[in-house]
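**Student:** Have a peek at coords-v8.cif (mmCIF, C-alpha atoms).
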data_start
loop_
_atom_site.label_atom_id
_atom_site.label_comp_id
_atom_site.auth_asym_id
_atom_site.auth_seq_id
_atom_site.Cartn_x
_atom_site.Cartn_y
_atom_site.Cartn_z
CA MET A 117 16.95 -178.32 71.63
CA ILE A 118 20.68 -178.78 72.04
CA MET A 119 22.48 -181.02 74.55
CA VAL A 120 25.60 -179.08 75.49
CA SER A 121 28.51 -180.93 77.06
CA ALA A 122 32.12 -179.80 77.49
CA TYR A 123 35.64 -180.96 76.74
CA TYR A 124 39.13 -179.72 77.51
CA SER A 125 42.79 -180.05 76.49
CA PRO A 126 44.67 -182.34 78.89
CA LEU A 127 48.21 -181.37 79.88
CA PRO A 128 50.97 -183.67 81.12
CA GLY A 129 51.56 -183.55 84.87
CA GLN A 130 48.03 -182.65 86.02
CA ARG A 131 47.17 -183.75 89.56
CA PHE A 132 44.03 -185.46 88.26
CA TYR A 133 42.48 -186.61 84.99
CA MET A 134 38.92 -187.61 84.13
CA ARG A 135 40.05 -191.06 82.96
CA GLY A 136 42.93 -191.40 85.42
CA SER A 137 45.86 -190.58 83.13
CA TYR A 138 47.06 -188.11 80.52
CA GLU A 139 47.00 -190.80 77.81
CA ALA A 140 43.43 -191.85 78.67
CA ASP A 141 42.20 -188.23 78.60
CA ILE A 142 43.93 -187.73 75.24
CA ARG A 143 41.97 -190.73 73.91
CA LEU A 144 38.74 -189.16 75.21
CA ASN A 145 39.37 -185.49 74.26
CA GLY A 146 42.00 -185.66 71.54
CA ARG A 147 45.24 -183.74 71.87
CA GLY A 148 43.21 -180.61 72.37
CA THR A 149 45.41 -178.39 70.23
CA ASN A 150 43.36 -178.13 67.04
CA GLY A 151 39.85 -178.83 65.84
CA ALA A 152 39.08 -181.29 63.04
CA ASP A 153 39.36 -178.43 60.52
CA ALA A 154 42.89 -177.58 61.85
CA THR A 155 41.77 -174.42 63.69
CA GLU A 156 43.71 -173.94 66.95
CA VAL A 157 41.49 -174.41 70.02
CA TYR A 158 40.08 -171.22 71.48
CA VAL A 159 37.33 -170.01 73.80
CA GLY A 160 34.10 -170.52 71.87
CA MET A 161 35.24 -173.49 69.78
CA LEU A 162 32.52 -176.10 69.37
CA ALA A 163 32.49 -179.74 68.33
CA ALA A 164 29.29 -180.66 66.54
CA PRO A 165 27.75 -183.47 64.47
CA ARG A 166 28.78 -183.83 60.81
CA THR A 167 25.41 -182.31 59.87
CA TYR A 168 26.82 -178.97 61.11
CA PRO A 169 29.35 -177.66 58.57
CA PHE A 170 32.53 -176.09 59.93
CA GLY A 171 31.84 -172.41 60.56
CA THR A 172 28.27 -173.00 61.80
CA GLN A 173 27.43 -170.62 64.62
CA VAL A 174 25.52 -171.70 67.73
CA LYS A 175 24.01 -169.40 70.38
CA ILE A 176 24.15 -171.20 73.72
CA PRO A 177 22.27 -169.61 76.65
CA GLY A 178 24.67 -168.76 79.46
CA LEU A 179 27.74 -168.97 77.20
CA GLY A 180 27.20 -166.96 74.03
CA VAL A 181 27.91 -167.59 70.36
CA GLY A 182 30.40 -170.33 69.50
CA VAL A 183 31.64 -171.62 66.15
CA VAL A 184 31.93 -175.25 64.98
CA HIS A 185 35.48 -176.33 64.15
CA ASP A 186 35.60 -179.84 65.62
CA ARG A 187 33.95 -183.27 65.66
CA GLY A 188 33.94 -186.05 68.25
CA GLY A 189 32.99 -189.68 68.75
CA ALA A 190 30.15 -188.83 71.14
CA ILE A 191 28.88 -185.87 69.11
CA TYR A 192 25.72 -186.78 67.21
CA SER A 193 22.37 -185.59 65.95
CA GLY A 194 19.53 -187.14 67.91
CA LYS A 195 15.82 -187.51 67.42
CA ASN A 196 14.97 -184.94 70.11
CA TYR A 197 18.17 -182.89 70.21
CA ASP A 198 21.64 -182.44 68.74
CA ARG A 199 24.75 -182.77 70.88
CA ILE A 200 27.32 -179.96 70.94
CA ASP A 201 30.63 -180.07 72.83
CA VAL A 202 32.14 -176.79 74.10
CA TRP A 203 35.89 -176.39 74.62
CA MET A 204 36.42 -175.18 78.22
CA GLY A 205 40.17 -174.65 78.39
CA GLU A 206 43.23 -176.69 79.18
CA GLY A 207 44.70 -178.56 82.12
CA GLU A 208 42.99 -178.91 85.46
CA GLU A 209 41.16 -175.59 85.04
CA GLY A 210 39.66 -176.72 81.73
CA LEU A 211 38.70 -180.11 83.16
CA SER A 212 37.17 -178.47 86.24
CA ARG A 213 35.12 -176.08 84.10
CA ALA A 214 33.98 -178.96 81.88
CA LEU A 215 32.89 -181.00 84.91
CA ASN A 216 31.24 -177.99 86.58
CA TRP A 217 29.33 -177.25 83.35
CA GLY A 218 28.33 -180.91 83.03
CA MET A 219 25.73 -181.64 80.39
CA ARG A 220 22.78 -179.31 79.84
CA LEU A 221 19.78 -179.43 77.55
CA VAL A 222 19.20 -175.89 76.30
CA GLU A 223 17.16 -174.02 73.74
CA GLY A 224 19.96 -172.73 71.56
CA GLN A 225 19.92 -171.14 68.14
CA VAL A 226 21.87 -172.46 65.17
CA SER A 227 22.92 -170.54 62.07
CA PHE A 228 24.39 -172.59 59.24
CA GLU A 229 25.37 -169.32 57.56
CA LYS A 230 28.75 -167.94 58.58
CA ASN A 231 29.16 -164.62 60.39
CA VAL A 232 25.46 -164.06 61.14
CA TRP A 233 26.27 -163.19 64.76
CA GLU A 234 29.37 -161.69 66.30
CA PRO A 235 31.18 -164.58 68.02
CA GLU A 236 31.08 -163.74 71.70
CA PHE A 237 31.73 -166.48 74.23
CA GLU A 238 32.23 -166.29 77.98
CA PHE A 239 32.73 -169.08 80.48
CA SER A 240 34.68 -167.36 83.26
CA HIS A 241 31.54 -167.61 85.45
CA ILE A 242 31.94 -171.41 85.45
CA PRO A 243 34.23 -172.34 88.35
CA ALA A 244 37.75 -173.38 87.32
CA LYS A 245 38.05 -175.44 90.51
CA LEU A 246 36.18 -178.52 91.57
CA PRO A 247 34.50 -178.71 94.95
CA GLU A 248 36.80 -180.58 97.33
CA ASP A 249 34.49 -183.60 97.62
CA ALA A 250 34.30 -183.99 93.83
CA LEU A 251 38.07 -183.61 93.53
CA ASN A 252 38.60 -186.29 96.20
CA ARG A 253 36.23 -188.68 94.42
CA LEU A 254 37.94 -188.03 91.09
CA MET A 255 41.44 -188.54 92.47
CA ALA A 256 40.45 -191.64 94.47
CA ARG A 257 38.98 -193.53 91.57
CA THR A 258 39.32 -193.87 87.83
CA LEU A 259 36.30 -194.98 85.89
CA LEU A 260 36.74 -198.68 85.08
CA ASN A 261 35.00 -198.48 81.73
CA PRO A 262 36.44 -195.72 79.51
CA GLN A 263 33.33 -195.78 77.30
CA THR A 264 31.05 -194.90 80.22
CA PHE A 265 30.25 -191.46 78.81
CA THR A 266 30.63 -192.19 75.10
CA ASN A 267 28.39 -195.27 74.75
CA ARG A 268 24.70 -194.65 74.31
CA SER A 269 22.76 -196.40 77.06
CA GLN A 270 19.62 -198.23 76.04
CA LYS A 271 17.15 -200.65 77.59
CA ALA A 272 19.17 -203.52 76.08
CA SER A 273 22.55 -202.23 77.37
CA PRO A 274 24.54 -204.73 79.45
CA LYS A 275 23.90 -204.36 83.19
CA ALA A 276 27.61 -203.68 83.77
CA ASP A 277 27.48 -200.64 81.43
CA ILE A 278 24.44 -199.26 83.26
CA ALA A 279 26.13 -199.87 86.64
CA ASP A 280 29.28 -198.02 85.45
CA LEU A 281 27.20 -195.05 84.33
CA GLN A 282 25.23 -194.98 87.59
CA GLU A 283 28.46 -195.11 89.61
CA ALA A 284 29.98 -192.30 87.54
CA LEU A 285 26.88 -190.15 88.08
CA ARG A 286 26.99 -190.86 91.84
CA MET A 287 30.73 -190.13 91.91
CA PHE A 288 30.14 -186.65 90.49
CA GLY A 289 27.13 -185.95 92.65
CA PHE A 290 24.46 -186.08 89.94
CA THR A 291 22.38 -188.74 91.68
CA THR A 292 22.22 -190.53 94.99
CA ALA A 293 20.22 -193.54 93.72
CA LYS A 294 21.81 -196.94 94.28
#
What is this file in structure tokens?

**Tutor:**
Amino acid sequence: MIMVSAYYSPLPGQRFYMRGSYEADIRLNGRGTNGADATEVYVGMLAAPRTYPFGTQVKIPGLGVGVVHDRGGAIYSGKNYDRIDVWMGEGEEGLSRALNWGMRLVEGQVSFEKNVWEPEFEFSHIPAKLPEDALNRLMARTLLNPQTFTNRSQKASPKADIADLQEALRMFGFTTAK
């Protein structure tokens, strides 16, 4: 199993940012120009745990075959699944696609050998615009805790961290629990 999340390349002057500012989104996503192996970002670029060598191919249902060229602070190998981050574009369109994709647990296929499959990646079916209510929530409020999505939540996590995560999930319409 693979947990597939998404990231994007922030641009100066966007109307909205995930963390509230260009600088904060740069801290979360990096500059978004090149992967950790210096490859320029492109459709189908993946960030994966260090256990996945650069060049590893991953088949992701609904997206296609991507190639690992990047790492990230929240990218890890877990007990039940590995986390993969998919680059979804730049600016508000990239952020919107990333948020519309969200985080999905899928049965993907991984090939540690290079060039086993023809890289073929398509995300144009993921909306490049946010629904108006999500956009309004995003623009009206910046998450108070920038580690909300990068910290691992556990039973022993501080109540404030859990509350931040619950509020973020409510803000983006993933849950209505209070």

**Student:** Would you write out, as a PyMOL selection string, every residue that the PyMOL selection byres ((chain A and resi 120) around 9) captures in this file?

**Tutor:** chain A and resi 118-119+121-122+176+198-202+217-222

**Student:** Using the chain letters and numbers from the file, give me the residues hit by the PyMOL selection byres ((chain A and resi 204) around 10), as a PyMOL selection string.

**Tutor:** chain A and resi 121-125+157-162+201-203+205-207+209-215+217+238-240+242+244

**Student:** Calculated over all atoms listed in the file, which of the candidates A:Asn145, A:Glu208, A:Pro177, A:Phe228 has the smallest distance to Gln130 of chain A?

**Tutor:** A:Glu208

**Student:** Report as a VMD selection string the residues that result from applying the PyMOL selection byres ((chain A and resi 231) around 10) to the structure here.

**Tutor:** chain A and resid 171 to 173 183 227 to 230 232 to 235

**Student:** By how many Å are atom CA of His241 of chain A and atom CA of Tyr133 of chain A apart?

**Tutor:**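 About the pair atom CA of His241 of chain A and atom CA of Tyr133 of chain A: they are 21.9 Å apart.
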
**Student:** As a list in words, please: the residues near segment 141-144 of chain A (cut-off 10 Å, all atoms listed in the file, same-chain neighbours under 3 positions excluded).

**Tutor:** Tyr123, Tyr124, Ser125, Pro126, Leu127, Tyr133, Met134, Arg135, Gly136, Ser137, Tyr138, Arg147, Gly148, Gly188, Gly189, Ala190, Leu211, Pro262, Gln263, Phe265 and Thr266 of chain A

**Student:** Considering all atoms listed in the file, state which residue in the set A:Arg131, A:Pro165, A:Pro243, A:Ala140 is at the smallest distance from Ala152 of chain A.

**Tutor:** A:Pro165

**Student:** Kindly indicate which residue among A:Asn216, A:Val174, A:Asn150, A:Gly129 lies nearest to Asp186 of chain A, using only C-alpha atoms for the distances.

**Tutor:**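 Smallest distance to Asp186 of chain A is found for A:Asn150.
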
**Student:** Rank A:Thr167, A:Leu179, A:Gly151, A:Leu246 by their smallest atom-to-atom distance to Tyr192 of chain A, using all atoms listed in the file, and report the top residue only.

**Tutor:**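 For Tyr192 of chain A, the nearest of the candidates is A:Thr167.
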
**Student:** Quick one: of A:Lys175, A:Lys245, A:His185, A:Arg166, who's nearest to Asp153 of chain A, counting all atoms listed in the file?

**Tutor:** A:His185

**Student:** So, counting all atoms listed in the file, which residue among A:Lys275, A:Glu156, A:Met117, A:Gln225 is closest to Gly194 of chain A?

**Tutor:**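 Of the candidates, the smallest distance to Gly194 of chain A is held by A:Met117.
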
**Student:** What's the separation between atom CA of Ser193 of chain A and atom CA of Gly146 of chain A, in Å to one decimal place?

**Tutor:**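 According to the coordinates, atom CA of Ser193 of chain A and atom CA of Gly146 of chain A are separated by 20.4 Å.
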
**Student:** Quick check, in Å to one decimal: how far apart do atom CA of Val184 of chain A and atom CA of Ala163 of chain A lie?

**Tutor:**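 Atom CA of Ala163 of chain A lies at a distance of 5.6 Å from atom CA of Val184 of chain A.
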